[in-house]
Each structure stands twice: as structure tokens, then as C-alpha cells.
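J.: Just so it is clear, I am handing over run_30.cif, which has mmCIF, C-alpha atoms and all ligand atoms.
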data_my_file
loop_
_atom_site.label_atom_id
_atom_site.label_comp_id
_atom_site.auth_asym_id
_atom_site.auth_seq_id
_atom_site.Cartn_x
_atom_site.Cartn_y
_atom_site.Cartn_z
CA MET A 58 -24.31 -47.63 -47.01
CA LEU A 59 -25.01 -45.49 -43.98
CA PRO A 60 -27.71 -42.85 -44.34
CA THR A 61 -27.26 -39.12 -44.41
CA PRO A 62 -28.54 -37.82 -41.07
CA SER A 63 -31.70 -35.77 -40.86
CA GLN A 64 -31.68 -32.10 -39.85
CA THR A 65 -34.59 -29.86 -38.94
CA VAL A 66 -36.52 -28.16 -41.73
CA GLY A 67 -35.99 -24.93 -39.74
CA PRO A 68 -38.20 -21.85 -39.80
CA PHE A 69 -37.45 -20.54 -43.28
CA TYR A 70 -38.72 -23.21 -45.69
CA GLY A 71 -41.88 -21.21 -46.27
CA TYR A 72 -40.83 -19.66 -49.56
CA ALA A 73 -39.33 -22.92 -50.87
CA LEU A 74 -41.40 -25.98 -50.06
CA PRO A 75 -45.10 -25.11 -49.83
CA PHE A 76 -46.78 -24.21 -53.06
CA PRO A 77 -50.14 -22.69 -53.92
CA ASP A 78 -52.99 -25.14 -53.43
CA GLY A 79 -50.55 -27.79 -52.22
CA GLY A 80 -53.38 -29.17 -50.11
CA VAL A 81 -55.74 -29.56 -53.05
CA VAL A 82 -55.07 -33.13 -54.12
CA ALA A 83 -58.57 -34.01 -55.31
CA PRO A 84 -59.21 -33.23 -58.95
CA ALA A 85 -61.37 -30.13 -59.27
CA GLY A 86 -65.08 -30.80 -58.88
CA HIS A 87 -64.66 -34.49 -58.06
CA PRO A 88 -67.91 -35.74 -56.52
CA ALA A 89 -66.16 -37.96 -53.97
CA ALA A 90 -63.83 -35.28 -52.61
CA ILE A 91 -63.34 -35.17 -48.85
CA VAL A 92 -61.74 -32.56 -46.61
CA LEU A 93 -59.33 -33.34 -43.79
CA HIS A 94 -58.26 -30.62 -41.41
CA GLY A 95 -56.72 -30.14 -38.02
CA ARG A 96 -53.94 -28.56 -36.06
CA VAL A 97 -50.38 -29.45 -35.15
CA LEU A 98 -49.73 -28.98 -31.43
CA ASP A 99 -46.68 -29.05 -29.17
CA GLY A 100 -46.15 -30.52 -25.71
CA ASP A 101 -47.97 -27.58 -24.09
CA GLY A 102 -50.90 -28.01 -26.43
CA ALA A 103 -49.86 -24.79 -28.18
CA PRO A 104 -50.31 -24.58 -31.96
CA ILE A 105 -47.19 -25.00 -34.09
CA PRO A 106 -47.28 -22.33 -36.80
CA ASP A 107 -44.20 -23.55 -38.67
CA ALA A 108 -44.87 -27.21 -39.34
CA LEU A 109 -45.01 -28.74 -42.79
CA LEU A 110 -47.13 -31.79 -43.52
CA GLU A 111 -46.89 -34.14 -46.46
CA PHE A 112 -49.56 -36.66 -47.36
CA TRP A 113 -49.30 -39.74 -49.54
CA GLN A 114 -52.09 -42.23 -50.18
CA ALA A 115 -53.46 -44.81 -52.56
CA ALA A 116 -55.98 -43.65 -55.14
CA PRO A 117 -59.61 -44.71 -54.59
CA ASP A 118 -59.08 -47.58 -57.05
CA GLY A 119 -56.09 -48.79 -55.01
CA GLY A 120 -53.46 -47.46 -57.43
CA ARG A 121 -50.18 -46.40 -55.84
CA GLU A 122 -48.35 -45.26 -58.92
CA GLY A 123 -49.13 -41.59 -58.34
CA ARG A 124 -48.86 -38.98 -61.07
CA PRO A 125 -46.30 -36.26 -61.72
CA GLY A 126 -47.24 -32.66 -61.42
CA SER A 127 -47.61 -32.30 -57.66
CA LEU A 128 -45.08 -29.60 -57.15
CA ARG A 129 -44.25 -27.12 -59.84
CA ARG A 130 -44.32 -23.45 -59.04
CA ASP A 131 -45.00 -20.99 -61.80
CA HIS A 132 -42.35 -18.28 -61.39
CA THR A 133 -44.29 -15.78 -63.44
CA THR A 134 -47.60 -15.84 -61.64
CA GLY A 135 -46.57 -17.27 -58.26
CA GLY A 136 -49.20 -19.94 -58.81
CA TYR A 137 -48.61 -23.50 -59.80
CA ALA A 138 -48.17 -25.24 -63.09
CA GLY A 139 -47.85 -28.86 -64.09
CA ARG A 140 -50.97 -30.26 -62.53
CA ASP A 141 -53.70 -30.89 -65.01
CA GLY A 142 -56.47 -30.69 -62.41
CA LEU A 143 -57.80 -34.05 -63.59
CA SER A 144 -55.30 -36.64 -62.44
CA PHE A 145 -55.01 -37.80 -58.86
CA THR A 146 -51.35 -37.33 -57.88
CA GLY A 147 -51.78 -38.91 -54.44
CA PHE A 148 -49.40 -36.38 -52.88
CA GLY A 149 -50.12 -33.21 -50.94
CA ARG A 150 -47.97 -30.74 -49.05
CA VAL A 151 -49.34 -28.16 -46.62
CA ALA A 152 -47.65 -25.71 -44.24
CA THR A 153 -49.50 -24.95 -41.02
CA ASP A 154 -51.04 -21.54 -40.58
CA ALA A 155 -50.38 -19.04 -37.77
CA ASP A 156 -52.86 -20.99 -35.60
CA GLY A 157 -51.25 -24.34 -36.38
CA SER A 158 -54.04 -25.37 -38.72
CA TRP A 159 -53.93 -27.19 -42.04
CA THR A 160 -56.48 -28.38 -44.59
CA LEU A 161 -56.29 -31.11 -47.21
CA HIS A 162 -58.78 -31.68 -50.01
CA THR A 163 -58.46 -35.21 -51.28
CA LEU A 164 -60.28 -38.40 -52.24
CA ALA A 165 -61.04 -41.11 -49.70
CA PRO A 166 -58.45 -43.90 -49.82
CA PRO A 167 -59.62 -47.42 -50.68
CA ALA A 168 -60.99 -49.79 -48.02
CA GLU A 169 -57.91 -52.06 -48.28
CA THR A 170 -55.58 -49.22 -47.21
CA PRO A 171 -58.01 -46.85 -45.47
CA TYR A 172 -55.40 -44.32 -44.40
CA LEU A 173 -53.26 -41.44 -45.54
CA ALA A 174 -49.54 -41.60 -44.76
CA VAL A 175 -48.32 -38.38 -43.15
CA CYS A 176 -44.81 -37.00 -42.80
CA VAL A 177 -44.38 -34.17 -40.27
CA PHE A 178 -41.60 -31.58 -40.44
CA ALA A 179 -41.15 -28.58 -38.13
CA ARG A 180 -38.68 -26.18 -36.69
CA GLY A 181 -37.49 -27.85 -33.50
CA LEU A 182 -38.05 -31.32 -34.94
CA LEU A 183 -34.62 -32.71 -35.79
CA HIS A 184 -35.92 -35.78 -37.58
CA HIS A 185 -39.27 -35.90 -39.34
CA LEU A 186 -42.08 -38.06 -37.98
CA PHE A 187 -44.38 -40.43 -39.80
CA THR A 188 -47.94 -41.10 -38.79
CA ARG A 189 -51.20 -42.13 -40.46
CA VAL A 190 -54.70 -40.72 -40.64
CA TYR A 191 -57.30 -43.50 -40.66
CA LEU A 192 -60.83 -42.70 -41.71
CA PRO A 193 -63.41 -43.47 -38.98
CA ASP A 194 -64.84 -46.59 -40.60
CA ALA A 195 -61.41 -48.22 -41.13
CA ARG A 196 -61.19 -51.75 -39.76
CA PRO A 197 -58.16 -52.41 -37.51
CA ASP A 198 -55.26 -53.63 -39.62
CA ASP A 199 -51.99 -55.19 -38.46
CA VAL A 200 -50.49 -51.81 -37.70
CA LEU A 201 -53.42 -50.64 -35.57
CA ARG A 202 -53.55 -53.96 -33.74
CA ARG A 203 -49.97 -53.46 -32.55
CA ILE A 204 -50.85 -50.15 -30.92
CA PRO A 205 -52.26 -50.09 -27.36
CA VAL A 206 -56.02 -49.53 -27.52
CA GLU A 207 -55.87 -46.30 -25.50
CA ARG A 208 -53.49 -44.76 -28.04
CA ARG A 209 -55.15 -46.08 -31.20
CA SER A 210 -57.73 -43.29 -31.32
CA THR A 211 -54.95 -40.76 -31.99
CA LEU A 212 -54.70 -42.22 -35.52
CA PHE A 213 -58.40 -41.85 -36.36
CA ALA A 214 -59.96 -38.81 -37.95
CA GLN A 215 -63.33 -37.73 -36.54
CA GLU A 216 -66.17 -37.08 -38.96
CA GLU A 217 -67.48 -33.61 -38.17
CA ARG A 218 -70.07 -33.59 -40.92
CA PRO A 219 -70.41 -35.66 -44.07
CA GLY A 220 -67.14 -35.44 -45.98
CA LEU A 221 -65.36 -33.29 -43.38
CA PHE A 222 -62.88 -34.95 -41.03
CA GLY A 223 -60.87 -33.51 -38.13
CA PHE A 224 -57.43 -34.77 -37.18
CA ASP A 225 -55.01 -33.06 -34.78
CA ILE A 226 -51.36 -34.03 -34.61
CA ARG A 227 -49.89 -33.67 -31.14
CA LEU A 228 -46.12 -33.99 -31.14
CA GLN A 229 -45.88 -34.50 -27.39
CA GLY A 230 -48.33 -35.33 -24.61
CA ALA A 231 -49.74 -37.96 -22.30
CA PRO A 232 -49.95 -41.45 -23.82
CA HIS A 233 -53.60 -41.08 -24.83
CA GLU A 234 -53.05 -37.59 -26.28
CA GLU A 235 -49.75 -37.81 -28.10
CA THR A 236 -50.16 -38.91 -31.70
CA VAL A 237 -48.76 -42.37 -32.39
CA PHE A 238 -45.74 -42.02 -34.66
CA LEU A 239 -44.41 -44.81 -36.84
CA ASP A 240 -40.83 -45.82 -37.55
CA LEU A 241 -40.49 -46.90 -41.15
CA ALA A 242 -36.72 -47.09 -41.40
CA MET B 148 -32.48 -15.58 -19.49
CA SER B 149 -31.00 -16.71 -22.74
CA PRO B 150 -28.24 -19.27 -22.14
CA THR B 151 -24.68 -18.34 -22.99
CA GLN B 152 -22.65 -20.11 -25.63
CA GLN B 153 -20.54 -21.57 -22.81
CA GLU B 154 -23.63 -23.13 -21.25
CA ILE B 155 -24.83 -24.54 -24.56
CA SER B 156 -21.36 -25.80 -25.41
CA ALA B 157 -21.22 -27.60 -22.06
CA GLU B 158 -24.56 -29.23 -22.83
CA ILE B 159 -23.32 -30.22 -26.29
CA ALA B 160 -20.22 -31.78 -24.71
CA ALA B 161 -22.37 -33.66 -22.21
CA GLN B 162 -24.49 -35.11 -25.02
CA ALA B 163 -21.54 -36.02 -27.24
CA ALA B 164 -21.35 -39.67 -28.29
CA PRO B 165 -18.51 -39.71 -30.84
CA THR B 166 -18.64 -43.42 -31.67
CA SER B 167 -22.22 -44.26 -30.74
CA GLY B 168 -23.10 -45.17 -34.32
CA ALA B 169 -26.32 -43.15 -34.03
CA LEU B 170 -27.50 -42.49 -37.58
CA HIS B 171 -29.87 -39.57 -36.96
CA PRO B 172 -30.32 -36.93 -34.26
CA GLU B 173 -32.29 -37.81 -31.18
CA ARG B 174 -35.51 -35.84 -31.47
CA ARG B 175 -35.03 -34.70 -27.89
CA TYR B 176 -31.81 -32.71 -27.92
CA PRO B 177 -31.89 -30.11 -25.12
CA PRO B 178 -29.09 -27.87 -26.46
CA TYR B 179 -31.50 -27.15 -29.35
CA ARG B 180 -34.16 -25.53 -27.19
CA SER B 181 -36.96 -25.74 -29.75
CA SER B 182 -36.76 -29.54 -29.61
CA LEU B 183 -37.97 -29.67 -26.01
CA LEU B 184 -41.71 -29.35 -26.69
CA ARG B 185 -41.59 -30.76 -30.20
CA HIS B 186 -40.42 -34.33 -29.73
CA PRO B 187 -42.62 -37.32 -28.91
CA SER B 188 -42.34 -38.61 -25.35
CA GLN B 189 -43.86 -41.99 -26.26
CA PRO B 190 -41.90 -44.63 -28.15
CA VAL B 191 -42.21 -44.56 -31.91
CA VAL B 192 -43.93 -47.72 -33.16
CA ALA B 193 -41.96 -49.83 -35.64
CA LEU B 194 -44.04 -50.39 -38.73
CA GLU B 195 -43.68 -53.83 -40.25
CA ASP B 196 -46.25 -53.95 -43.02
CA PRO B 197 -45.14 -55.33 -46.39
CA ASP B 198 -48.29 -53.87 -47.93
CA ALA B 199 -47.77 -50.38 -46.46
CA VAL B 200 -48.63 -47.48 -48.72
CA GLU B 201 -45.42 -45.86 -47.41
CA LEU B 202 -43.41 -48.34 -49.50
CA SER B 203 -44.56 -46.53 -52.61
CA GLY B 204 -44.20 -42.81 -53.08
CA PRO B 205 -45.00 -39.76 -55.13
CA VAL B 206 -43.59 -39.49 -58.62
CA PHE B 207 -42.25 -36.40 -60.32
CA GLY B 208 -41.57 -35.57 -63.91
CA VAL B 209 -41.02 -32.87 -66.48
CA THR B 210 -44.12 -31.07 -65.32
CA ASP B 211 -42.67 -30.58 -61.84
CA VAL B 212 -39.45 -28.72 -62.68
CA THR B 213 -37.93 -26.52 -65.34
CA GLU B 214 -34.29 -26.38 -66.38
CA LEU B 215 -33.95 -22.93 -64.87
CA ASP B 216 -34.91 -24.17 -61.42
CA ALA B 217 -31.44 -25.68 -60.83
CA ASP B 218 -29.57 -22.41 -61.40
CA LEU B 219 -30.24 -20.08 -58.49
CA THR B 220 -28.06 -17.37 -60.03
CA ARG B 221 -30.35 -16.91 -63.04
CA GLN B 222 -33.72 -16.39 -61.46
CA HIS B 223 -33.58 -12.60 -61.62
CA HIS B 224 -32.48 -9.97 -64.10
CA GLY B 225 -29.14 -9.30 -62.43
CA GLU B 226 -26.35 -11.38 -60.96
CA PRO B 227 -26.53 -12.20 -57.25
CA LEU B 228 -23.71 -11.05 -54.98
CA GLY B 229 -21.43 -13.65 -53.45
CA GLU B 230 -19.17 -16.52 -54.30
CA ARG B 231 -20.59 -18.57 -57.17
CA ILE B 232 -20.53 -22.30 -56.47
CA THR B 233 -21.75 -25.51 -58.00
CA VAL B 234 -23.04 -28.23 -55.71
CA THR B 235 -23.37 -31.68 -57.17
CA GLY B 236 -23.57 -35.27 -56.03
CA ARG B 237 -25.61 -38.43 -56.15
CA VAL B 238 -28.69 -39.61 -54.29
CA LEU B 239 -28.41 -43.28 -53.35
CA ASP B 240 -30.36 -45.77 -51.29
CA ARG B 241 -28.79 -47.82 -48.53
CA ASN B 242 -27.84 -50.51 -51.03
CA GLY B 243 -25.93 -47.93 -53.04
CA ARG B 244 -28.43 -47.95 -55.86
CA PRO B 245 -29.06 -44.62 -57.57
CA VAL B 246 -32.36 -42.90 -56.82
CA ARG B 247 -33.52 -41.91 -60.30
CA GLY B 248 -35.94 -39.24 -61.43
CA GLN B 249 -36.71 -37.99 -57.94
CA LEU B 250 -37.14 -34.45 -56.76
CA VAL B 251 -34.34 -32.59 -54.97
CA GLU B 252 -35.26 -29.20 -53.51
CA ILE B 253 -32.91 -26.72 -51.86
CA TRP B 254 -33.28 -23.41 -50.08
CA GLN B 255 -30.67 -21.19 -48.48
CA ALA B 256 -29.69 -17.77 -47.19
CA ASN B 257 -27.95 -15.30 -49.50
CA ALA B 258 -24.24 -14.45 -49.31
CA SER B 259 -24.93 -12.11 -46.37
CA GLY B 260 -26.72 -14.78 -44.36
CA ARG B 261 -30.23 -13.44 -44.97
CA TYR B 262 -33.21 -15.49 -46.14
CA ALA B 263 -35.74 -14.06 -48.54
CA HIS B 264 -38.33 -14.89 -45.90
CA GLN B 265 -40.50 -12.45 -44.05
CA ARG B 266 -39.65 -13.97 -40.68
CA ASP B 267 -35.93 -13.51 -41.17
CA GLN B 268 -35.41 -10.01 -39.79
CA HIS B 269 -31.70 -10.25 -39.13
CA PRO B 270 -30.07 -6.96 -40.17
CA ALA B 271 -28.14 -8.19 -43.18
CA PRO B 272 -29.02 -7.04 -46.70
CA LEU B 273 -31.46 -8.81 -48.95
CA ASP B 274 -30.21 -9.38 -52.47
CA PRO B 275 -32.77 -8.41 -55.10
CA ASN B 276 -31.08 -10.85 -57.48
CA PHE B 277 -31.19 -13.86 -55.22
CA THR B 278 -34.16 -15.78 -53.84
CA GLY B 279 -32.36 -18.93 -52.76
CA VAL B 280 -34.73 -21.66 -53.94
CA GLY B 281 -33.80 -24.43 -56.37
CA ARG B 282 -35.04 -27.80 -57.53
CA CYS B 283 -34.11 -30.52 -59.95
CA LEU B 284 -34.80 -34.16 -60.77
CA THR B 285 -32.06 -36.74 -60.28
CA ASP B 286 -30.67 -38.27 -63.47
CA ASP B 287 -30.19 -41.95 -64.32
CA GLU B 288 -27.14 -42.17 -62.04
CA GLY B 289 -28.99 -40.47 -59.21
CA GLY B 290 -27.05 -37.28 -59.92
CA TYR B 291 -28.17 -33.78 -59.08
CA ALA B 292 -26.47 -30.43 -59.67
CA PHE B 293 -27.14 -26.84 -58.64
CA THR B 294 -25.47 -23.55 -59.44
CA THR B 295 -25.85 -21.09 -56.62
CA ILE B 296 -23.85 -18.78 -54.35
CA LYS B 297 -22.24 -19.70 -51.07
CA PRO B 298 -24.63 -18.81 -48.25
CA GLY B 299 -23.46 -16.76 -45.30
CA ALA B 300 -23.60 -17.70 -41.63
CA TYR B 301 -26.52 -16.15 -39.75
CA PRO B 302 -27.52 -15.51 -36.14
CA TRP B 303 -30.47 -17.14 -34.41
CA ARG B 304 -32.00 -16.98 -30.97
CA ASN B 305 -31.34 -20.38 -29.44
CA HIS B 306 -28.90 -18.72 -27.06
CA THR B 307 -26.84 -15.55 -26.80
CA ASN B 308 -24.44 -15.20 -29.72
CA ALA B 309 -25.83 -18.26 -31.53
CA TRP B 310 -24.70 -18.45 -35.17
CA ARG B 311 -25.57 -21.12 -37.71
CA PRO B 312 -22.66 -22.36 -39.83
CA ALA B 313 -23.23 -21.75 -43.54
CA HIS B 314 -25.57 -24.42 -44.90
CA ILE B 315 -27.93 -25.31 -47.70
CA HIS B 316 -31.24 -26.96 -46.80
CA PHE B 317 -32.02 -30.06 -48.84
CA SER B 318 -35.32 -31.90 -49.31
CA LEU B 319 -35.13 -35.31 -51.01
CA PHE B 320 -37.55 -37.99 -52.10
CA GLY B 321 -36.78 -41.66 -52.62
CA THR B 322 -38.88 -44.20 -54.43
CA ALA B 323 -40.75 -44.88 -51.20
CA PHE B 324 -42.47 -42.25 -49.06
CA ALA B 325 -40.65 -43.91 -46.13
CA GLN B 326 -37.34 -42.69 -47.58
CA ARG B 327 -38.25 -39.04 -47.28
CA LEU B 328 -35.43 -36.84 -46.01
CA VAL B 329 -34.98 -33.19 -45.13
CA THR B 330 -31.48 -32.24 -44.06
CA GLN B 331 -28.76 -29.59 -44.35
CA MET B 332 -25.46 -29.57 -46.23
CA TYR B 333 -22.50 -27.81 -44.62
CA PHE B 334 -19.22 -26.47 -46.04
CA PRO B 335 -15.88 -28.00 -45.07
CA GLY B 336 -13.79 -26.36 -42.36
CA ASP B 337 -16.46 -24.00 -41.03
CA PRO B 338 -15.26 -22.60 -37.68
CA LEU B 339 -18.83 -22.55 -36.35
CA PHE B 340 -19.29 -26.34 -36.40
CA ALA B 341 -18.34 -26.79 -32.75
CA TYR B 342 -20.84 -24.20 -31.52
CA ASP B 343 -23.98 -25.22 -33.40
CA PRO B 344 -26.50 -27.37 -31.54
CA ILE B 345 -28.35 -28.28 -34.73
CA LEU B 346 -25.29 -29.81 -36.41
CA ARG B 347 -24.11 -31.26 -33.08
CA SER B 348 -27.49 -32.96 -32.58
CA VAL B 349 -25.91 -35.62 -34.78
CA THR B 350 -23.75 -36.88 -31.94
CA ASP B 351 -21.82 -39.59 -33.80
CA ASP B 352 -18.71 -38.04 -35.36
CA ALA B 353 -18.78 -40.12 -38.55
CA ALA B 354 -22.49 -39.50 -39.08
CA ARG B 355 -22.02 -35.76 -38.60
CA GLN B 356 -19.19 -35.80 -41.14
CA ARG B 357 -21.71 -37.11 -43.70
CA LEU B 358 -23.43 -33.71 -43.58
CA VAL B 359 -20.31 -31.87 -44.76
CA ALA B 360 -19.66 -31.47 -48.48
CA ALA B 361 -16.18 -31.91 -49.95
CA TYR B 362 -14.47 -29.14 -51.86
CA ASP B 363 -13.61 -30.67 -55.25
CA HIS B 364 -11.14 -28.68 -57.32
CA GLU B 365 -11.96 -30.78 -60.39
CA LEU B 366 -15.48 -29.39 -60.19
CA SER B 367 -14.35 -25.80 -60.01
CA VAL B 368 -14.79 -23.98 -63.31
CA PRO B 369 -12.01 -21.56 -64.33
CA GLU B 370 -12.99 -17.90 -64.03
CA TRP B 371 -16.46 -18.97 -62.92
CA SER B 372 -17.23 -21.07 -59.85
CA LEU B 373 -15.99 -23.28 -57.02
CA GLY B 374 -17.17 -26.87 -56.87
CA TYR B 375 -18.52 -28.86 -53.93
CA ARG B 376 -19.50 -32.50 -53.94
CA TRP B 377 -22.04 -34.02 -51.59
CA ASP B 378 -23.66 -37.44 -51.88
CA VAL B 379 -26.85 -38.28 -50.02
CA VAL B 380 -27.88 -41.74 -48.84
CA LEU B 381 -31.56 -42.13 -48.06
CA ASP B 382 -32.56 -44.22 -45.07
CA GLY B 383 -35.17 -46.97 -45.13
CA PRO B 384 -37.57 -48.40 -45.78
CA ALA B 385 -36.84 -51.53 -43.82
CA ALA B 386 -38.64 -53.81 -46.26
CA THR B 387 -36.69 -52.81 -49.36
CA TRP B 388 -33.12 -53.36 -48.26
CA THR B 389 -31.15 -55.98 -46.41
CA GLU B 390 -27.96 -55.22 -44.65
CA GLU B 391 -25.97 -56.86 -41.93
CA GLY B 392 -26.85 -55.72 -38.48
CA ARG B 393 -30.35 -54.50 -39.30
FE FE C 1 -31.11 -22.30 -42.42
#
Taking this structure as input, can you express it in the form of C-alpha cells?

T.:
Amino acid sequence: MLPTPSQTVGPFYGYALPFPDGGVVAPAGHPAAIVLHGRVLDGDGAPIPDALLEFWQAAPDGGREGRPGSLRRDHTTGGYAGRDGLSFTGFGRVATDADGSWTLHTLAPPAETPYLAVCVFARGLLHHLFTRVYLPDARPDDVLRRIPVERRSTLFAQEERPGLFGFDIRLQGAPHEETVFLDLA
Amino acid sequence: MSPTQQEISAEIAAQAAPTSGALHPERRYPPYRSSLLRHPSQPVVALEDPDAVELSGPVFGVTDVTELDADLTRQHHGEPLGERITVTGRVLDRNGRPVRGQLVEIWQANASGRYAHQRDQHPAPLDPNFTGVGRCLTDDEGGYAFTTIKPGAYPWRNHTNAWRPAHIHFSLFGTAFAQRLVTQMYFPGDPLFAYDPILRSVTDDAARQRLVAAYDHELSVPEWSLGYRWDVVLDGPAATWTEEGR
């Protein structure tokens, strides 16, 4: 069967898709929690304040079965319900801020799959984009090896201090600046 | 200077590819001005990794939704204004298999064409009884259903006199993260179709038709609501389906 075409997420998803603490994937107080943060930038290098990022990753033990409870909004309090704060759901969703920035609190993925899968949505983007965030010590896998060396660095987070990693997503730019995007279809 | 509709329509006509077979919009689609700085200029790299994490995906369950979430007309004390509708259909993969137990999220403008969003400042009334957000999980047949009101058309600033046809935004998950889809559902026969660069970014006529729901009189409920049917087929991932020509 032929797929339903994509359409842009538009500018008005903000009251529908993001949810409180959507970027807090790590169970509360977990000793191995890490923080990823960065900005989403356009072809002029300007921040994109209306992008939405989704993250999916294996659990530290390699599990990919996820857990429910990523996404329920509590209509009474405006907060969230459904997450027990203990399980690792593997899924996070974060809207960029007015300065294009985002933050994700998560657990480091396992060495066998040392990356987080990322899906990028934005006003102006007619079809979402997939990319990956590799942690700095990741060894080149088959996917990285297929990417020209000068572009590979766009997929690596930079450790800014222990446990804190920076990763900008540039939707458009020179070959060494523009984030490598992946076609999974 | 903001372009005129005539200028945008000429660009749309120049980009038209009625039988190209293109399945999705090109990310660079100049008639939609916001796409110009927000599309990659480098080729997207085909991922062929049978062990990719993207072949699995998040799971959802009873803790993610409540029954009330699928009825957008019952989220406030009063009844929303507008034409009550039900929207239902199935979520399938490219092999036609139902996508079960996955999250479907929708958001939309109210009957006047106004979003309950701070950045929507278009001078049409807000409806205190309508927020315009819904969600549900697909059932064992991949089915979803929402009760809502028909959204109005609304203006935007792509060009002078730009109006979006009435639409409902949909967000869908498959069983693989690689099947993720965000799209928009349109209503049959809308006179604004020809003028809208976002809809027309899907340049293949048959593909664009897949974004338009069907009015289904069998779904209409006497004295209550009009029924629309819209099925969604999720694309990808390459490793989980086989089909001629791909
Ligand atoms: Fe819209």
C-alpha cells in the first residue's frame, strides 16, 4: 500500500504534542543520568524556536521494548500522569525554546548501540528528518562508516563536562556544518 | 513584499508533477516560503542497518490515554460551537497490516479557524468550550475514532491572502520509530485546495488525494454528527516490508 504523505507539523502543535517534563526520560535520581542539550538552527544559523524533537534509544541494558507512560497529560493539573518515575520508557519529546534550545535528561545508551535516534519536526519542514546523536566514545559502526569523514562529526555530541553533552542540529548548511540526516523509509 | 496569490499559484503550477509518483513532499518547496531555510541541502543518507534501534519504537498503553481524550467536544463544561463530526479510520503499514495499540494524536483549530495557541492571533473568536487536542490508541484492527467539530479555514502569512483549507493535524506512531508520521487530514471538496502551498507540496495528484478524508453517510449519526473516514498508511521502515519496486 502507498503511504500517506507527510505534512508539516506547523506552528501550533505547542499545546498538543509537548508535555511537561517530556525531556526527562531518566528515572528520577538515577545515578547514571546524563544530560544532552543543544539548539536547532536553520540555513542562516538562526535558532528555530518552533521545532519539536523526539528521541528513542535502547535502555542501558540493551532493551528496546520501551515502557508505556511516556505521554499522558493530566487535564486537571496540566502536569503529566502515567509515568511511574522508575521505569525507563526510552522515549522523549521536547519542543525547542524561543532561542532554539532543547534539553534531554536520559541514561547513556549501551555500547552496542551508542546513539539516540532523533526525529525532527518543525514549521517549514514538510517531511520530518531522522538523525542520530552518538556519544563521543562511540566506535564507528556501519552507519557512520558510510558517511564522509568530514560530515561524521555532525552526528557526535561533545562532552562539555562529565555527564553533560552538547549537540546542535543544523537543518541546512555547508557539508561539514549541516547535520547528517538519515533516510529510514 | 509579500507575494500575491497569483505569484504563489504560478509557482505551484510550475512545481506540479501530477503523475510523478512522489510519495511525500520535497522538503525544498519554494511556494511554502518557510521551507527555504529549513530543508537539508545535502543528500539524506540511506540507512541500511538491520540492527538499527529505529526498527523498534516507543510503546503506549492505558497509562498514556484516557477514554475522554478521544472526544474533543467533552473536554469542557459546555458544548463547543460548530458542526459536530466523527473522524474514524484505520492505521496500516505498507503491507496493509493493522498498526495495533499505537498512539494517534490530533490537534486542530476551532470552528472559527482559531487555535487555542498563544501564537495564533488571527481575529476570530476563541471557544471557551473547545481546546482542539485529542488522542487515542489504535484498536486490534488498527482503528481509531475521534469526536470533534469541523475546524474552520484560517489565514496565514505565507503570502497575501493566504488561507489554509480546513484540516486536522495528525501525529501517528508505528511499531518502529522509523514509521513515525505527522501529517494533516483535509475535508473533501474544499475550495481552498488549489491555493494552498502546504497541501500542494504533495505534487503527485494521487498522493495528495490520500490526504483527503471521505464523507461517509453511514458514519453520520442521526440528529448528532457527520461522519468522515480517513485511513492512514505508515511509510517504512525498509527492513520490515517487501514490495515490488522498492
Ligand atoms: Fe493547522

J.: So how many Å separate CA of Val175 in chain A and CA of Glu201 in chain B, to one decimal?

T.: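 Distance between the two atoms: 9.1 Å.
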
J.: Residues at most 9 Å from ligand FE 1 (chain C), using only C-alpha atoms and all ligand atoms? Could they come as a PyMOL selection string?

T.: (chain A and resi 66-70) or (chain B and resi 254-256+260+262+300-301+311-316+331)

J.: Find the residue from A:Glu216, A:Asp107, A:Glu234, A:Asp101 that sits nearest to chain B; use all atoms listed in the file when measuring.

T.: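 Nearest candidate to chain B out of A:Glu216, A:Asp107, A:Glu234, A:Asp101: A:Asp101.
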
J.: Excluding same-chain residues fewer than 2 positions from range 290-294 of chain B, what lies within 7 Å of it counting all atoms listed in the file, as a ChimeraX atom specification?

T.: /B:217-220,232-238,283-286,288

J.: Wanna dump the chain B-chain A contacts at 6 Å for me, each residue with its shortest atom pair and the distance in Å to one decimal, counting only C-alpha atoms, ordered by chain and number, as a tab-separated table?

T.:
residue	atom	partner	partner_atom	distance
B:Leu170	CA	A:Pro62	CA	5.9
B:His171	CA	A:Pro62	CA	4.7
B:Arg174	CA	A:Leu183	CA	5.4
B:Ser181	CA	A:Gly181	CA	4.3
B:Ser182	CA	A:Gly181	CA	4.3
B:Leu184	CA	A:Gly100	CA	4.7
B:Arg185	CA	A:Asp99	CA	5.5
B:His186	CA	A:Leu228	CA	5.9
B:Pro187	CA	A:Gln229	CA	4.6
B:Ser188	CA	A:Gln229	CA	5.8
B:Val191	CA	A:Phe238	CA	5.1
B:Val192	CA	A:Leu239	CA	4.7
B:Ala193	CA	A:Asp240	CA	4.6
B:Leu194	CA	A:Leu241	CA	5.5
B:Pro205	CA	A:Gly123	CA	5.5
B:Val206	CA	A:Pro125	CA	5.2
B:Phe207	CA	A:Pro125	CA	4.3
B:Gly208	CA	A:Pro125	CA	5.3
B:Thr210	CA	A:Gly139	CA	4.5
B:Asp211	CA	A:Arg129	CA	4.3
B:Val212	CA	A:Arg129	CA	5.8
B:Arg241	CA	A:Met58	CA	4.7
B:Val280	CA	A:Ala73	CA	5.7
B:Ala325	CA	A:Leu241	CA	5.8
B:Val329	CA	A:Ser63	CA	6.0
B:Thr330	CA	A:Gln64	CA	4.2
B:Gln331	CA	A:Gln64	CA	5.9
B:Arg357	CA	A:Thr61	CA	5.9
B:Val379	CA	A:Thr61	CA	5.7
B:Val380	CA	A:Pro60	CA	4.6
B:Leu381	CA	A:Pro60	CA	5.4
B:Asp382	CA	A:Pro60	CA	5.1
B:Gly383	CA	A:Ala242	CA	4.0
B:Pro384	CA	A:Ala242	CA	4.7
B:Ala385	CA	A:Ala242	CA	5.1

J.: So the first atom is CA of Ile155 in chain B and the second is CA of Phe317 in chain B; what is the distance between them in Å, to one decimal place?

T.: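 One can read the CA of Ile155 in chain B to CA of Phe317 in chain B distance as 25.9 Å.
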
J.: So the first atom is CA of Ala165 in chain A and the second is CA of Pro106 in chain A; what is the distance between them in Å, to one decimal place?

T.: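 Going from CA of Ala165 in chain A over to CA of Pro106 in chain A, I get 26.6 Å.
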
J.: Between A:Leu164, A:Val206, A:Ala152, A:Ile91, which one has atoms that come closest to Ala116 in chain A, using only C-alpha atoms?

T.: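 Looking only at the distances to Ala116 in chain A, the closest residue turns out to be A:Leu164.
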
J.: So, with all atoms listed in the file as the atoms that count, which of B:Thr213, B:Asn305, B:Ser318, B:Gln356 lies closest to Pro344 in chain B?

T.: B:Asn305

J.: Which one is closest to His223 in chain B: B:Leu346, B:Pro369, B:Asp274, B:Gln152? Count only C-alpha atoms.

T.: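 Result for the nearest residue to His223 in chain B: B:Asp274.
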
J.: Would you please work out which residue, of B:Asp267, B:Asp337, B:Thr307, B:Val359, is nearest to Pro150 in chain B when using only C-alpha atoms?

T.: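 Counting only C-alpha atoms, the residue closest to Pro150 in chain B is B:Thr307.
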
J.: Using only C-alpha atoms, pick whichever of B:His269, B:Arg261, B:Arg282, B:Arg231 has the shortest atom-to-atom distance to Val209 in chain B.

T.: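 Nearest candidate to Val209 in chain B out of B:His269, B:Arg261, B:Arg282, B:Arg231: B:Arg282.
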